[in-house]
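Right, one structure below, let's go through it.
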Amino acid sequence: MEQDLYCRGKKLDAHPARLGTLRDSSDIVDDGKLLQQRMAEEGYLLFRGLADREKVLRARREILLKYAIIGEIDAVNHDVMDSILQEQSFIAQVNLIAFTESVRSGVAYEELTQDRRIMAIYEKLLGGQVRTFDFKWPRFVRPGEGTGIHSDNIYVSGGAKNVWTTWIPIGDVALEEGPIVLLEKSHLSTKLTKYWSKDADKDQVGWLSENPLGVQESIGGRWLTSSFSAGDILCFDVRLVHASLDNRSPIKRCRLTSDTRYQLAADPLDQRWHGNANPHGGQRKVFLPGMVRSVGNRKFEEEWKPVDQWGRLERSSVRTDRLESA
Ligand SMILES: O=C(O)CCC(=O)C(=O)O
Ligand SMILES: [Fe+2]
């Protein structure tokens, strides 16, 4: 990869033994046995252009219009689909409980996460009828932001153990906009057994590390990433260590993607993520990554923000530079 890539503010080692490109598995999409085999070996499956591009872009428009309404993106001087950060935001004035639910429950977004082609992959992988968690994690990532290093199983394994994550770019995502980055074969690491035995919520576990180079040194493997196009779908093992690259877009383009969890419909549910529940809703928090003062995520500061009785952001939990003037 020609350009420098950063994760948690650290430059990744670009040596081919340390950094690589995600492999496309489109050629085996119809073969359940090969899918299972490759997922077991590699811990992820990428399918280029699996979802209908127009369908993805409908979800993008639906969500970005909502971000424009609350002043997070500038849809007056730019095309809403360009997702350009607006300097003055009204996000601190709105009911974020309603806003985040509105984003999660949008029809176009729902149609994307329930896409037949995605479901068919999991039916082949898991050998039965599958379902998503009710809760979904649409992610809007501003320039300067990114996601910390972690495995998903510590967040989503309170019901079924056989759970899978699907990462969906909702629009094109260039390398400089901070797409996902996976640590090759880390799902097989013997060094992570203790970490995986934890529950992020009950045990107050933060990010695995703030240092992508140190994690790589101790676990091994290349960091794998790629740019993405609308329609690409990435499925991965919930043990696989991943993060995102930092969004360093020079044109202040915000990155819009989604993570969703899938499991066998017959398996037990992690009740924290079904119905209208979530582990933090009881504490009046909303899933709203970014805008943070500090990193660590031990009490989910980076991803879950406390809100007041009107659903408005507790300003003490976020950087307020873009909010003061509004
Ligand atoms: O998109 C991101 O920044 C993080 C994605 C992630 O953690 C996931 O898909 O589980
Ligand atoms: Fe994750």
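Chain labels follow the order of the structure tokens: the first chain is A, the next B, and so on; residue numbering restarts at 1 in every chain, and ligands are counted from 1 in their shown order.
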Next on the checklist: Residues of stretch 42-268 of chain A classed as strand (DSSP E) by DSSP on the backbone are to be reported as JSON, numbers by chain.
Outcome noted: {"A": [44, 45, 46, 47, 130, 131, 132, 137, 138, 139, 140, 141, 163, 164, 165, 166, 167, 168, 169, 180, 181, 182, 183, 223, 224, 225, 233, 234, 235, 236, 237, 242, 243, 244, 255, 256, 257, 258, 259, 260, 261, 262, 263, 264]}
Checklist entry - Given a cut-off of 8 Å, what residues near ligand 2 show up using only C-alpha atoms and all ligand atoms, put as a ChimeraX atom specification? => result /A:150-152,165,238,242-243,259
Checklist entry - Given the choices A:Thr190, A:Thr166, A:Asn297, A:Ser102, which gets closest to ligand 1 if the distance is worked out from only C-alpha atoms and all ligand atoms? => result A:Thr166
Checklist entry - Nearest to A:Leu35: which of A:Tyr6, A:Phe236, A:Tyr67, A:Trp310 is it, counting only C-alpha atoms? => result A:Phe236
Item to check | Selection near stretch 18-30 of chain A, 9 Å with only C-alpha atoms, sequence-local residues under 4 positions removed, as a list in words | outcome: Met1, Leu12, Asp13, Ala14, Leu34, Leu35, Arg38, Tyr44, Leu45, Leu46, Phe47, Arg48, Gly49, Leu50, Ile121, Lys124, Val181, Leu182, Gln216, Gly220, Gly221, Arg222, Trp223, Leu224, Thr225 and Ser226 of chain A
With a cut-off of 12 Å, could you pull out the residues of stretch 285-312 of chain A touching stretch 87-101 of chain A and give me the nearest pair of atoms for each, distance in Å to one decimal, using only C-alpha atoms, ordered by chain and ascending number, as a tab-separated table?
residue	atom	partner	partner_atom	distance
A:Lys285	CA	A:Ile97	CA	7.9
A:Val286	CA	A:Ile97	CA	6.2
A:Phe287	CA	A:Thr100	CA	7.2
A:Leu288	CA	A:Thr100	CA	7.8
A:Pro289	CA	A:Thr100	CA	11.3
A:Met291	CA	A:Ile91	CA	10.8
A:Trp304	CA	A:Thr100	CA	11.3
A:Lys305	CA	A:Leu96	CA	9.6
A:Pro306	CA	A:Leu96	CA	9.9
A:Val307	CA	A:Leu96	CA	7.6
A:Asp308	CA	A:Asn95	CA	9.1
A:Gln309	CA	A:Asn95	CA	9.3
A:Trp310	CA	A:Asn95	CA	6.1
A:Gly311	CA	A:Asn95	CA	4.4
A:Arg312	CA	A:Asn95	CA	5.1
Checklist entry - Hey, what's within 12 Å of A:Asn153 if we count only C-alpha atoms and toss same-chain stuff fewer than 3 positions away? As number ranges by chain, please? => result A: 150, 156-165, 187, 192-193, 195-201, 205, 236-242, 261, 270
Next on the checklist: List as a list of chain:residue names the protein and nucleic acid residues near A:Gly106, meaning an atom at most 9 Å away when only C-alpha atoms are counted, but skip any in the same chain fewer than 5 places from it.
Outcome noted: A:Ala59, A:Glu62, A:Ile63, A:Glu101, A:Glu111
Checklist entry - Which of these residues is nearest to A:Gly32, using only C-alpha atoms: A:Leu126, A:Leu65, A:Ala51, A:Leu5? => result A:Leu126
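Shortest atom-to-atom contact with ligand 1 among A:His15, A:Arg255, A:Arg60, A:Lys33: A:Arg255, counting only C-alpha atoms and all ligand atoms.
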Item to check | Option closest in space to A:Ile154, from A:Leu85, A:Val295, A:Leu183, A:Leu208 [counting only C-alpha atoms] | outcome: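 Between A:Leu85, A:Val295, A:Leu183, A:Leu208, the residue approaching A:Ile154 most closely is A:Leu208.
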Item to check | Option closest in space to ligand 1, from A:Ser294, A:Asn278, A:Ser244, A:Gln3 [counting only C-alpha atoms and all ligand atoms] | outcome: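 Using only C-alpha atoms and all ligand atoms, ligand 1 sits closest to A:Ser244.
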Checklist entry - If you run DSSP on the backbone, which residues of stretch 11-195 of chain A are helix (DSSP H, G or I), as a ChimeraX atom specification? => result /A:26-28,32-42,53-69,80-82,91-93,96-104,107-113,116-126,153-156,175-177,186-188,190-195
Restricted to C-alpha atoms, what would the selected residues look like written as a short mmCIF file (atom, residue, chain, number, x, y, z; two decimals), in the first residue's frame?
data_model
loop_
_atom_site.label_atom_id
_atom_site.label_comp_id
_atom_site.auth_asym_id
_atom_site.auth_seq_id
_atom_site.Cartn_x
_atom_site.Cartn_y
_atom_site.Cartn_z
CA SER A 26 -16.27 -14.02 -4.11
CA ASP A 27 -15.12 -17.00 -6.15
CA ILE A 28 -16.24 -19.46 -3.45
CA GLY A 32 -20.59 -23.86 1.83
CA LYS A 33 -17.73 -26.29 2.55
CA LEU A 34 -15.08 -23.97 1.15
CA LEU A 35 -16.61 -20.99 2.97
CA GLN A 36 -16.50 -22.89 6.26
CA GLN A 37 -12.95 -24.00 5.62
CA ARG A 38 -11.69 -20.55 4.73
CA MET A 39 -13.52 -18.91 7.62
CA ALA A 40 -11.96 -21.44 10.01
CA GLU A 41 -8.48 -20.80 8.62
CA GLU A 42 -8.53 -17.07 7.97
CA ARG A 53 -24.86 -0.91 -4.90
CA GLU A 54 -28.11 1.04 -5.29
CA LYS A 55 -29.51 -0.60 -2.18
CA VAL A 56 -26.40 0.39 -0.20
CA LEU A 57 -26.61 3.96 -1.48
CA ARG A 58 -30.29 4.19 -0.46
CA ALA A 59 -29.24 3.34 3.09
CA ARG A 60 -26.43 5.88 2.85
CA ARG A 61 -28.78 8.67 1.80
CA GLU A 62 -31.32 7.73 4.47
CA ILE A 63 -28.71 7.89 7.24
CA LEU A 64 -26.73 10.90 6.01
CA LEU A 65 -29.86 13.03 5.72
CA LYS A 66 -30.42 12.39 9.42
CA TYR A 67 -26.83 13.42 10.21
CA ALA A 68 -27.38 16.56 8.12
CA ILE A 69 -30.52 17.43 10.13
CA VAL A 80 -25.32 15.01 1.29
CA MET A 81 -23.84 11.78 -0.12
CA ASP A 82 -20.31 13.23 0.23
CA ILE A 91 -25.80 17.45 17.98
CA ALA A 92 -25.77 18.66 21.59
CA GLN A 93 -29.29 20.09 21.23
CA LEU A 96 -30.03 11.37 20.79
CA ILE A 97 -32.08 8.47 22.09
CA ALA A 98 -34.58 9.19 19.32
CA PHE A 99 -31.88 10.09 16.79
CA THR A 100 -29.88 6.87 17.21
CA GLU A 101 -33.04 4.76 17.15
CA SER A 102 -34.16 6.54 14.00
CA VAL A 103 -30.84 5.73 12.30
CA ARG A 104 -30.90 2.08 13.44
CA VAL A 107 -36.11 1.00 6.37
CA ALA A 108 -33.28 1.24 3.84
CA TYR A 109 -30.67 0.41 6.51
CA GLU A 110 -32.79 -2.50 7.74
CA GLU A 111 -33.13 -3.84 4.19
CA LEU A 112 -29.37 -3.75 3.84
CA THR A 113 -28.55 -5.63 7.04
CA ARG A 116 -30.84 -12.08 1.28
CA ARG A 117 -27.31 -12.50 -0.03
CA ILE A 118 -25.80 -11.85 3.38
CA MET A 119 -28.29 -14.19 5.06
CA ALA A 120 -27.48 -16.88 2.45
CA ILE A 121 -23.77 -16.70 3.32
CA TYR A 122 -24.52 -17.34 6.99
CA GLU A 123 -26.98 -20.11 6.19
CA LYS A 124 -24.19 -21.84 4.29
CA LEU A 125 -21.63 -21.14 7.01
CA LEU A 126 -23.80 -22.13 9.97
CA ASN A 153 -16.89 -11.77 21.39
CA ILE A 154 -16.45 -9.97 24.73
CA TYR A 155 -19.36 -7.67 23.81
CA VAL A 156 -21.82 -10.05 22.14
CA LEU A 175 -8.03 4.01 2.94
CA GLU A 176 -7.63 7.58 4.20
CA GLU A 177 -11.19 7.49 5.61
CA SER A 186 -5.61 -13.66 15.52
CA HIS A 187 -8.84 -15.68 15.99
CA LEU A 188 -6.55 -18.69 16.53
CA THR A 190 -3.52 -18.85 22.25
CA LYS A 191 -2.49 -15.54 23.86
CA LEU A 192 -6.03 -14.18 23.93
CA THR A 193 -7.84 -16.92 25.84
CA LYS A 194 -8.04 -14.85 29.01
CA TYR A 195 -9.24 -11.71 27.18
#
Item to check | Coordinates-based distance that separates atom CA of A:Gly148 from atom CA of A:Lys299 (Å, one decimal) | outcome: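 Here the two named atoms are 13.5 Å from each other.
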